[in-house]
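Structure below is final04.cif: mmCIF, C-alpha atoms.
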```
data_input
loop_
_atom_site.group_PDB
_atom_site.id
_atom_site.type_symbol
_atom_site.label_atom_id
_atom_site.label_comp_id
_atom_site.auth_asym_id
_atom_site.auth_seq_id
_atom_site.Cartn_x
_atom_site.Cartn_y
_atom_site.Cartn_z
ATOM 1 C CA MET A 30 20.217 57.114 75.774
ATOM 2 C CA PRO A 31 20.729 55.239 79.079
ATOM 3 C CA GLU A 32 22.358 57.410 81.727
ATOM 4 C CA LEU A 33 24.073 56.636 85.028
ATOM 5 C CA PRO A 34 21.117 55.074 86.901
ATOM 6 C CA GLU A 35 20.126 52.809 84.007
ATOM 7 C CA VAL A 36 23.705 51.633 83.435
ATOM 8 C CA GLU A 37 24.310 51.164 87.161
ATOM 9 C CA VAL A 38 21.189 48.981 87.385
ATOM 10 C CA VAL A 39 22.641 46.814 84.597
ATOM 11 C CA ARG A 40 26.034 46.704 86.334
ATOM 12 C CA ARG A 41 24.453 45.444 89.541
ATOM 13 C CA GLY A 42 22.634 42.757 87.602
ATOM 14 C CA LEU A 43 25.854 41.652 85.907
ATOM 15 C CA ALA A 44 27.621 41.556 89.275
ATOM 16 C CA GLN A 45 24.894 39.278 90.604
ATOM 17 C CA TRP A 46 24.308 36.992 87.618
ATOM 18 C CA VAL A 47 27.535 36.977 85.589
ATOM 19 C CA ALA A 48 30.551 37.762 87.787
ATOM 20 C CA GLY A 49 32.475 34.639 88.762
ATOM 21 C CA ARG A 50 31.243 32.591 85.789
ATOM 22 C CA THR A 51 33.426 31.142 83.029
ATOM 23 C CA VAL A 52 32.485 31.658 79.378
ATOM 24 C CA ALA A 53 31.940 28.438 77.405
ATOM 25 C CA THR A 54 30.999 29.845 73.995
ATOM 26 C CA VAL A 55 30.592 33.228 72.302
ATOM 27 C CA GLU A 56 28.467 33.942 69.249
ATOM 28 C CA VAL A 57 28.578 37.258 67.359
ATOM 29 C CA HIS A 58 25.388 37.680 65.340
ATOM 30 C CA HIS A 59 26.063 41.157 63.955
ATOM 31 C CA PRO A 60 29.474 42.685 63.148
ATOM 32 C CA ARG A 61 28.495 46.125 64.472
ATOM 33 C CA ALA A 62 28.145 44.632 67.942
ATOM 34 C CA VAL A 63 31.957 44.253 68.112
ATOM 35 C CA ARG A 64 33.061 47.006 65.717
ATOM 36 C CA ARG A 65 35.034 48.655 68.547
ATOM 37 C CA HIS A 66 37.112 45.462 68.824
ATOM 38 C CA LEU A 67 39.570 46.383 66.088
ATOM 39 C CA GLU A 68 40.992 42.865 65.688
ATOM 40 C CA GLY A 69 37.633 41.609 64.426
ATOM 41 C CA ALA A 70 34.851 39.275 65.511
ATOM 42 C CA ASP A 71 36.876 36.043 65.444
ATOM 43 C CA HIS A 72 39.546 37.533 67.697
ATOM 44 C CA PHE A 73 36.827 38.842 70.033
ATOM 45 C CA VAL A 74 35.388 35.342 70.377
ATOM 46 C CA GLN A 75 38.837 33.867 71.118
ATOM 47 C CA ALA A 76 39.631 36.588 73.654
ATOM 48 C CA VAL A 77 36.560 35.861 75.766
ATOM 49 C CA THR A 78 36.025 32.099 75.387
ATOM 50 C CA GLY A 79 37.344 30.147 78.367
ATOM 51 C CA ARG A 80 37.865 33.284 80.474
ATOM 52 C CA THR A 81 36.078 34.123 83.696
ATOM 53 C CA PHE A 82 34.290 37.411 84.384
ATOM 54 C CA THR A 83 35.662 38.362 87.783
ATOM 55 C CA ALA A 84 33.543 41.456 88.526
ATOM 56 C CA ALA A 85 31.350 44.151 86.949
ATOM 57 C CA HIS A 86 32.398 47.821 87.010
ATOM 58 C CA ARG A 87 31.077 51.084 85.618
ATOM 59 C CA ARG A 88 32.591 54.447 84.696
ATOM 60 C CA GLY A 89 30.006 56.975 83.555
ATOM 61 C CA LYS A 90 27.850 55.189 80.982
ATOM 62 C CA TYR A 91 30.423 52.448 80.235
ATOM 63 C CA LEU A 92 30.627 48.963 81.743
ATOM 64 C CA TRP A 93 33.651 46.718 82.013
ATOM 65 C CA LEU A 94 34.100 43.155 83.235
ATOM 66 C CA PRO A 95 37.696 42.055 83.985
ATOM 67 C CA LEU A 96 38.685 38.685 82.548
ATOM 68 C CA ALA A 97 40.693 35.956 84.281
ATOM 69 C CA GLU A 98 42.630 33.139 82.635
ATOM 70 C CA PRO A 99 41.531 29.493 83.117
ATOM 71 C CA ASP A 100 43.999 29.162 86.016
ATOM 72 C CA GLY A 101 42.414 32.153 87.760
ATOM 73 C CA THR A 102 45.185 34.682 87.126
ATOM 74 C CA PRO A 103 44.146 38.094 85.758
ATOM 75 C CA SER A 104 44.368 38.198 81.970
ATOM 76 C CA GLY A 105 45.161 41.906 81.824
ATOM 77 C CA ARG A 106 42.088 42.408 79.665
ATOM 78 C CA ALA A 107 38.420 43.234 80.187
ATOM 79 C CA LEU A 108 35.164 43.113 78.269
ATOM 80 C CA VAL A 109 34.072 46.736 77.766
ATOM 81 C CA GLY A 110 30.495 47.565 76.844
ATOM 82 C CA HIS A 111 28.471 50.638 75.950
ATOM 83 C CA LEU A 112 24.701 50.368 75.554
ATOM 84 C CA GLY A 113 24.397 53.210 73.059
ATOM 85 C CA MET A 114 20.780 54.252 72.523
ATOM 86 C CA SER A 115 19.044 50.888 72.685
ATOM 87 C CA GLY A 116 21.513 48.272 73.894
ATOM 88 C CA GLN A 117 20.491 45.661 76.459
ATOM 89 C CA LEU A 118 22.538 43.103 78.366
ATOM 90 C CA LEU A 119 20.066 40.397 79.329
ATOM 91 C CA VAL A 120 20.464 37.266 81.438
ATOM 92 C CA GLU A 121 18.153 34.682 79.880
ATOM 93 C CA LYS A 122 17.323 31.005 80.224
ATOM 94 C CA ARG A 123 19.021 29.036 77.459
ATOM 95 C CA SER A 124 15.581 27.799 76.377
ATOM 96 C CA ALA A 125 14.239 31.334 75.911
ATOM 97 C CA PRO A 126 13.621 32.270 72.254
ATOM 98 C CA ASP A 127 16.143 34.583 70.611
ATOM 99 C CA GLU A 128 15.299 38.271 70.654
ATOM 100 C CA THR A 129 14.676 39.896 67.273
ATOM 101 C CA HIS A 130 17.720 42.122 67.649
ATOM 102 C CA LEU A 131 20.087 39.633 69.312
ATOM 103 C CA ARG A 132 23.657 40.729 68.465
ATOM 104 C CA ALA A 133 25.854 38.508 70.670
ATOM 105 C CA ARG A 134 25.451 35.535 73.010
ATOM 106 C CA PHE A 135 27.651 34.240 75.844
ATOM 107 C CA THR A 136 27.057 30.794 77.343
ATOM 108 C CA PHE A 137 28.763 29.585 80.515
ATOM 109 C CA THR A 138 30.428 26.377 81.646
ATOM 110 C CA ASP A 139 27.992 25.964 84.535
ATOM 111 C CA GLY A 140 25.171 25.438 82.030
ATOM 112 C CA GLY A 141 23.037 28.155 83.621
ATOM 113 C CA ARG A 142 21.488 31.272 82.178
ATOM 114 C CA GLU A 143 23.265 32.897 79.267
ATOM 115 C CA LEU A 144 24.172 36.534 78.671
ATOM 116 C CA ARG A 145 22.750 38.198 75.568
ATOM 117 C CA PHE A 146 23.566 41.550 73.993
ATOM 118 C CA VAL A 147 20.479 42.893 72.247
ATOM 119 C CA ASP A 148 20.594 46.178 70.347
ATOM 120 C CA GLN A 149 17.852 47.367 68.023
ATOM 121 C CA ARG A 150 19.640 50.456 66.681
ATOM 122 C CA THR A 151 23.181 48.985 66.796
ATOM 123 C CA PHE A 152 24.773 52.110 68.304
ATOM 124 C CA GLY A 153 26.045 50.153 71.311
ATOM 125 C CA GLY A 154 28.953 47.757 71.247
ATOM 126 C CA LEU A 155 31.355 45.370 72.981
ATOM 127 C CA ALA A 156 35.150 45.091 72.848
ATOM 128 C CA VAL A 157 37.974 43.393 74.732
ATOM 129 C CA GLU A 158 40.550 45.918 75.877
ATOM 130 C CA GLU A 159 43.706 46.043 77.970
ATOM 131 C CA SER A 160 43.011 46.458 81.688
ATOM 132 C CA ASP A 161 45.512 46.038 84.509
ATOM 133 C CA GLY A 162 43.705 43.871 87.023
ATOM 134 C CA GLU A 163 40.567 45.677 88.173
ATOM 135 C CA ALA A 164 41.874 49.027 86.883
ATOM 136 C CA ILE A 165 39.810 51.052 84.452
ATOM 137 C CA PRO A 166 40.627 50.413 80.774
ATOM 138 C CA ALA A 167 42.704 53.199 79.231
ATOM 139 C CA ARG A 168 40.003 54.211 76.749
ATOM 140 C CA LEU A 169 37.661 55.070 79.633
ATOM 141 C CA ALA A 170 40.193 56.982 81.716
ATOM 142 C CA HIS A 171 39.147 60.385 80.360
ATOM 143 C CA ILE A 172 35.612 59.933 81.713
ATOM 144 C CA ALA A 173 35.171 61.767 84.994
ATOM 145 C CA ILE A 174 34.136 60.044 88.209
ATOM 146 C CA ASP A 175 30.407 60.346 88.755
ATOM 147 C CA PRO A 176 28.911 62.300 91.668
ATOM 148 C CA LEU A 177 27.708 59.162 93.481
ATOM 149 C CA ASP A 178 31.266 57.823 93.735
ATOM 150 C CA PRO A 179 32.815 58.334 97.211
ATOM 151 C CA ALA A 180 35.985 59.534 95.462
ATOM 152 C CA PHE A 181 34.165 62.390 93.702
ATOM 153 C CA ASP A 182 36.089 65.649 94.318
ATOM 154 C CA VAL A 183 33.495 68.288 95.166
ATOM 155 C CA ASP A 184 35.985 71.153 95.441
ATOM 156 C CA GLY A 185 37.713 70.139 92.228
ATOM 157 C CA PHE A 186 34.406 69.912 90.382
ATOM 158 C CA THR A 187 33.273 73.287 91.705
ATOM 159 C CA ALA A 188 36.473 75.006 90.630
ATOM 160 C CA ALA A 189 36.496 73.322 87.207
ATOM 161 C CA LEU A 190 32.845 74.189 86.563
ATOM 162 C CA ARG A 191 33.308 77.855 87.457
ATOM 163 C CA ARG A 192 36.389 78.093 85.230
ATOM 164 C CA ARG A 193 34.397 77.029 82.192
ATOM 165 C CA ARG A 194 32.943 79.696 79.935
ATOM 166 C CA THR A 195 29.933 77.746 78.769
ATOM 167 C CA GLU A 196 26.302 77.104 79.655
ATOM 168 C CA VAL A 197 25.682 75.039 82.759
ATOM 169 C CA LYS A 198 23.680 72.332 80.974
ATOM 170 C CA ARG A 199 26.448 71.852 78.414
ATOM 171 C CA ALA A 200 28.869 71.466 81.313
ATOM 172 C CA LEU A 201 26.692 68.828 82.998
ATOM 173 C CA LEU A 202 26.719 66.779 79.790
ATOM 174 C CA ASP A 203 30.517 66.972 79.510
ATOM 175 C CA GLN A 204 31.663 63.488 80.547
ATOM 176 C CA THR A 205 35.219 64.735 81.148
ATOM 177 C CA LEU A 206 33.865 67.043 83.878
ATOM 178 C CA ILE A 207 31.217 64.884 85.542
ATOM 179 C CA GLY A 208 30.419 61.311 84.586
ATOM 180 C CA GLY A 209 27.089 59.665 83.863
ATOM 181 C CA VAL A 210 24.757 62.676 83.574
ATOM 182 C CA GLY A 211 22.713 62.895 80.383
ATOM 183 C CA ASN A 212 19.852 64.979 79.072
ATOM 184 C CA ILE A 213 17.127 63.669 81.376
ATOM 185 C CA TYR A 214 18.966 64.050 84.647
ATOM 186 C CA ALA A 215 20.567 67.352 83.662
ATOM 187 C CA ASP A 216 17.105 68.885 83.205
ATOM 188 C CA GLU A 217 15.822 67.383 86.452
ATOM 189 C CA SER A 218 18.883 68.540 88.423
ATOM 190 C CA LEU A 219 18.707 72.071 87.036
ATOM 191 C CA TRP A 220 15.044 72.278 88.005
ATOM 192 C CA ARG A 221 15.856 71.252 91.555
ATOM 193 C CA ALA A 222 18.603 73.888 91.727
ATOM 194 C CA ARG A 223 16.328 76.561 90.156
ATOM 195 C CA LEU A 224 18.847 77.175 87.374
ATOM 196 C CA HIS A 225 18.179 77.588 83.671
ATOM 197 C CA GLY A 226 20.408 75.437 81.495
ATOM 198 C CA ALA A 227 21.728 78.520 79.695
ATOM 199 C CA ARG A 228 23.169 80.050 82.867
ATOM 200 C CA PRO A 229 26.901 80.829 82.349
ATOM 201 C CA THR A 230 29.061 78.552 84.468
ATOM 202 C CA ASP A 231 31.576 81.297 85.250
ATOM 203 C CA LYS A 232 28.774 83.349 86.852
ATOM 204 C CA LEU A 233 27.648 80.627 89.234
ATOM 205 C CA THR A 234 28.340 81.163 92.913
ATOM 206 C CA ARG A 235 29.746 78.421 95.088
ATOM 207 C CA PRO A 236 26.391 78.016 96.902
ATOM 208 C CA GLN A 237 24.662 77.642 93.530
ATOM 209 C CA VAL A 238 27.115 74.956 92.465
ATOM 210 C CA ALA A 239 26.623 73.177 95.792
ATOM 211 C CA GLU A 240 22.833 73.228 95.325
ATOM 212 C CA LEU A 241 23.207 71.984 91.751
ATOM 213 C CA LEU A 242 25.449 69.123 92.835
ATOM 214 C CA GLU A 243 22.996 68.224 95.584
ATOM 215 C CA GLY A 244 20.244 68.142 92.956
ATOM 216 C CA VAL A 245 22.320 65.913 90.681
ATOM 217 C CA ARG A 246 23.051 63.474 93.470
ATOM 218 C CA ASP A 247 19.459 63.413 94.683
ATOM 219 C CA VAL A 248 17.911 62.824 91.289
ATOM 220 C CA LEU A 249 20.446 60.139 90.341
ATOM 221 C CA GLY A 250 19.985 58.388 93.681
ATOM 222 C CA GLU A 251 16.206 58.499 93.500
ATOM 223 C CA SER A 252 16.199 57.224 89.921
ATOM 224 C CA LEU A 253 18.572 54.410 90.851
ATOM 225 C CA ALA A 254 16.209 53.387 93.656
ATOM 226 C CA GLN A 255 13.388 53.208 91.077
ATOM 227 C CA GLY A 256 15.430 51.100 88.650
ATOM 228 C CA GLY A 257 16.130 54.014 86.311
ATOM 229 C CA THR A 258 13.931 55.770 83.782
ATOM 230 C CA SER A 259 12.147 53.640 81.182
ATOM 231 C CA PHE A 260 10.172 55.407 78.479
ATOM 232 C CA ASP A 261 9.809 52.260 76.370
ATOM 233 C CA SER A 262 10.808 48.600 76.337
ATOM 234 C CA LEU A 263 14.406 49.401 75.330
ATOM 235 C CA TYR A 264 15.471 50.505 78.829
ATOM 236 C CA VAL A 265 15.491 47.435 81.071
ATOM 237 C CA ASP A 266 17.687 45.656 83.595
ATOM 238 C CA VAL A 267 19.381 42.293 82.965
ATOM 239 C CA ASN A 268 16.119 40.514 83.763
ATOM 240 C CA GLY A 269 14.130 42.626 81.307
ATOM 241 C CA GLN A 270 12.409 44.741 83.988
ATOM 242 C CA SER A 271 11.662 48.424 83.392
ATOM 243 C CA GLY A 272 12.537 51.273 85.737
ATOM 244 C CA TYR A 273 9.843 53.555 87.119
ATOM 245 C CA PHE A 274 11.488 56.932 87.677
ATOM 246 C CA SER A 275 9.638 58.340 84.638
ATOM 247 C CA ARG A 276 6.620 58.603 86.956
ATOM 248 C CA HIS A 277 8.525 61.076 89.133
ATOM 249 C CA LEU A 278 10.007 63.419 86.516
ATOM 250 C CA ALA A 279 9.343 67.063 87.347
ATOM 251 C CA VAL A 280 10.104 68.731 83.992
ATOM 252 C CA TYR A 281 11.728 66.367 81.480
ATOM 253 C CA GLY A 282 9.118 65.399 78.884
ATOM 254 C CA GLN A 283 6.470 67.383 80.767
ATOM 255 C CA GLN A 284 5.827 70.167 78.234
ATOM 256 C CA ASP A 285 2.675 72.208 79.032
ATOM 257 C CA ARG A 286 2.120 70.336 82.287
ATOM 258 C CA PRO A 287 2.215 72.278 85.572
ATOM 259 C CA CYS A 288 5.526 72.677 87.355
ATOM 260 C CA PRO A 289 5.292 70.602 90.581
ATOM 261 C CA ARG A 290 6.681 73.564 92.539
ATOM 262 C CA CYS A 291 4.807 76.633 91.246
ATOM 263 C CA GLY A 292 2.174 75.362 88.808
ATOM 264 C CA THR A 293 3.502 77.225 85.755
ATOM 265 C CA ALA A 294 3.397 75.289 82.477
ATOM 266 C CA VAL A 295 6.698 73.574 81.701
ATOM 267 C CA VAL A 296 8.323 74.745 78.463
ATOM 268 C CA ARG A 297 10.380 72.864 75.892
ATOM 269 C CA GLU A 298 13.342 74.456 74.100
ATOM 270 C CA HIS A 299 15.676 73.156 71.401
ATOM 271 C CA PHE A 300 19.128 72.249 72.692
ATOM 272 C CA MET A 301 21.997 70.596 70.798
ATOM 273 C CA ASN A 302 19.720 68.638 68.422
ATOM 274 C CA ARG A 303 17.571 67.518 71.317
ATOM 275 C CA SER A 304 15.241 69.145 73.855
ATOM 276 C CA SER A 305 15.488 70.932 77.176
ATOM 277 C CA TYR A 306 12.606 71.225 79.607
ATOM 278 C CA SER A 307 12.304 73.818 82.361
ATOM 279 C CA CYS A 308 9.931 75.985 84.369
ATOM 280 C CA PRO A 309 10.036 79.605 83.122
ATOM 281 C CA VAL A 310 9.243 80.928 86.605
ATOM 282 C CA CYS A 311 11.444 78.725 88.790
ATOM 283 C CA GLN A 312 14.254 78.737 86.209
ATOM 284 C CA PRO A 313 14.304 82.141 84.505
ATOM 285 C CA ARG A 314 16.446 82.405 81.387
ATOM 286 C CA PRO A 315 19.556 84.523 82.056
ATOM 287 C CA ARG A 316 20.016 87.859 80.394
ATOM 288 C CA ALA A 317 22.212 87.822 77.323
ATOM 289 C CA ARG A 318 25.858 88.725 77.927
ATOM 290 C CA ARG A 319 26.860 92.174 76.842
ATOM 291 C CA LYS A 320 29.256 92.302 73.929
ATOM 292 C CA GLY A 321 32.627 93.998 74.287
#
```
Now that the file is in, can you turn its structure into structure tokens?
Amino acid sequence: MPELPEVEVVRRGLAQWVAGRTVATVEVHHPRAVRRHLEGADHFVQAVTGRTFTAAHRRGKYLWLPLAEPDGTPSGRALVGHLGMSGQLLVEKRSAPDETHLRARFTFTDGGRELRFVDQRTFGGLAVEESDGEAIPARLAHIAIDPLDPAFDVDGFTAALRRRRTEVKRALLDQTLIGGVGNIYADESLWRARLHGARPTDKLTRPQVAELLEGVRDVLGESLAQGGTSFDSLYVDVNGQSGYFSRHLAVYGQQDRPCPRCGTAVVREHFMNRSSYSCPVCQPRPRARRKG
């Protein structure tokens, strides 16, 4: 599933190619693409047609584009999108052939490139939701600010993390605690901080949390600079270009390959119906808690 860097790359593309443009027509090719818009596909089309996308924002793994009325006043609503596992928001020439899994199309009054929502597995979706000006839509308000945001509260995060009685990897994936981090970047960040994902959060020291947060920020920033992590053709920017951070992954997906730091073979473990990757030497598994 796309994580913070991949979604941020898409947001930047939307800010460049879509923000400031007025929607001429909307086509919904698959009902699941707008299933989160409870009023239905026809209402979705009416809510967006003739409105102008004024900007492109992100909170965690969600995107939202505020809508303005034809006279330029804020509409109080925004287009909210989540890419799910395979969703793509692509800016294409109008003459380009339709993608096999095209789910929605937006054309613009300037006659230029159109915006297409393509989603092979149909887990992503679009909806129009209430949004006061540029403010975050209410449904996204529970998602925590991500660690690359200047407003991220380091002390608050540290205290909240150490209050939890859970495993540190589970905490990193909790979007109400820290936004935008998924399985790939959790494993990479834990490797950088020399922590096993099963380490209890309430046993972490403040210096350990600081090193973990530094690892999270570094790996997210480096991935963003590489355009994100693309393992296949599903993870692309608005122009269909892949990211290249997969070439720099230390442990994720690197089972049996040497750890870049110590040379020990990377191991794979089952975790929440997915996989965790770590170095057994650099990231020793913690001892089991004593009962009682």
Taking the point (24.1, 49.8, 79.2) as given in the file, collect each protein or nucleic acid residue that comes within 12 Å of it, counting all atoms listed in the file, and present the set as a ChimeraX atom specification.
-> /A:30-43,86-93,109-119,146-148,152-155,209,257,263-267
Please determine an axis-aligned box that encloses all atoms of stretch 155-162 of chain A listed in the file, with 5 Å added on each side, and express its centre and edge lengths in Å to one decimal as AutoDock Vina command-line options.
```
--center_x 38.4 --center_y 44.9 --center_z 79.9 --size_x 24.2 --size_y 13.1 --size_z 24.2
```
Using the chain letters and numbers from the file, which residues does the PyMOL selection byres ((chain A and resi 279) around 8) grab, as a ChimeraX atom specification?
-> /A:217,220,277-278,280-281,283,288-289
Generate a file of the selected residues that holds C-alpha atoms, formatted as an mmCIF file, keeping the file's coordinate frame.
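Written output follows (result.cif):
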```
data_model
loop_
_atom_site.group_PDB
_atom_site.id
_atom_site.type_symbol
_atom_site.label_atom_id
_atom_site.label_comp_id
_atom_site.auth_asym_id
_atom_site.auth_seq_id
_atom_site.Cartn_x
_atom_site.Cartn_y
_atom_site.Cartn_z
ATOM 1 C CA GLU A 217 15.822 67.383 86.452
ATOM 2 C CA TRP A 220 15.044 72.278 88.005
ATOM 3 C CA HIS A 277 8.525 61.076 89.133
ATOM 4 C CA LEU A 278 10.007 63.419 86.516
ATOM 5 C CA VAL A 280 10.104 68.731 83.992
ATOM 6 C CA TYR A 281 11.728 66.367 81.480
ATOM 7 C CA GLN A 283 6.470 67.383 80.767
ATOM 8 C CA CYS A 288 5.526 72.677 87.355
ATOM 9 C CA PRO A 289 5.292 70.602 90.581
#
```
Expansion of the PyMOL selection byres ((chain A and resi 135) around 9) into residues, as a VMD selection string = chain A and resid 52 to 56 78 133 to 134 136 to 137 143 to 146
Hey, which of A:Thr151, A:Gln284, A:Ser252, A:Ser104 ends up closest to A:Val77? Count all atoms listed in the file.
->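 Of all the options, A:Ser104 lies closest to A:Val77.
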Take the point (40.3, 38.0, 77.2) as written in the file and pick out every residue within 6 Å of it, counting all atoms listed in the file; give the list as a list of chain:residue names.
-> A:Ala76, A:Val77, A:Leu96, A:Arg106
Two-atom distance - atom CA of A:Pro166, atom CA of A:Val63 (Å) = 16.5 Å
Interatomic distance, atom CA of A:Leu108 to atom CA of A:Ala156 (Å, one decimal) =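 Taking atom CA of A:Leu108 as the start and atom CA of A:Ala156 as the end point, the length is 5.8 Å.
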Which residue, A:Glu251, A:Asp216, A:Asp203, A:Asp71, has the smallest gap to A:Gly282 when you use all atoms listed in the file?
->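 Among A:Glu251, A:Asp216, A:Asp203, A:Asp71, it is A:Asp216 that comes nearest to A:Gly282.
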Residues near stretch 180-185 of chain A, cut-off 9 Å, only C-alpha atoms, skip fewer than 6 positions along chain, as a list in words =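 Close residues of stretch 180-185 of chain A: Ala173, Ile174, Ala239 and Leu242 of chain A.
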For atom CA of A:Gln255 and atom CA of A:Leu241, quote the distance in Å rounded to one decimal.
-> 21.2 Å
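When only C-alpha atoms are used to compute distances to A:Gly101, the closest of the residues A:Arg50, A:His66, A:Arg286, A:Arg316 turns out to be A:Arg50.
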Enumerate, as a list of chain:residue names, the residues matched when the PyMOL selection byres ((chain A and resi 83) around 8) is run on the file above.
->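 Applied to this file, the PyMOL selection byres ((chain A and resi 83) around 8) selects A:Ala48, A:Gly49, A:Arg50, A:Thr81, A:Phe82, A:Ala84, A:Ala85, A:Leu94, A:Pro95, A:Leu96, A:Ala97.
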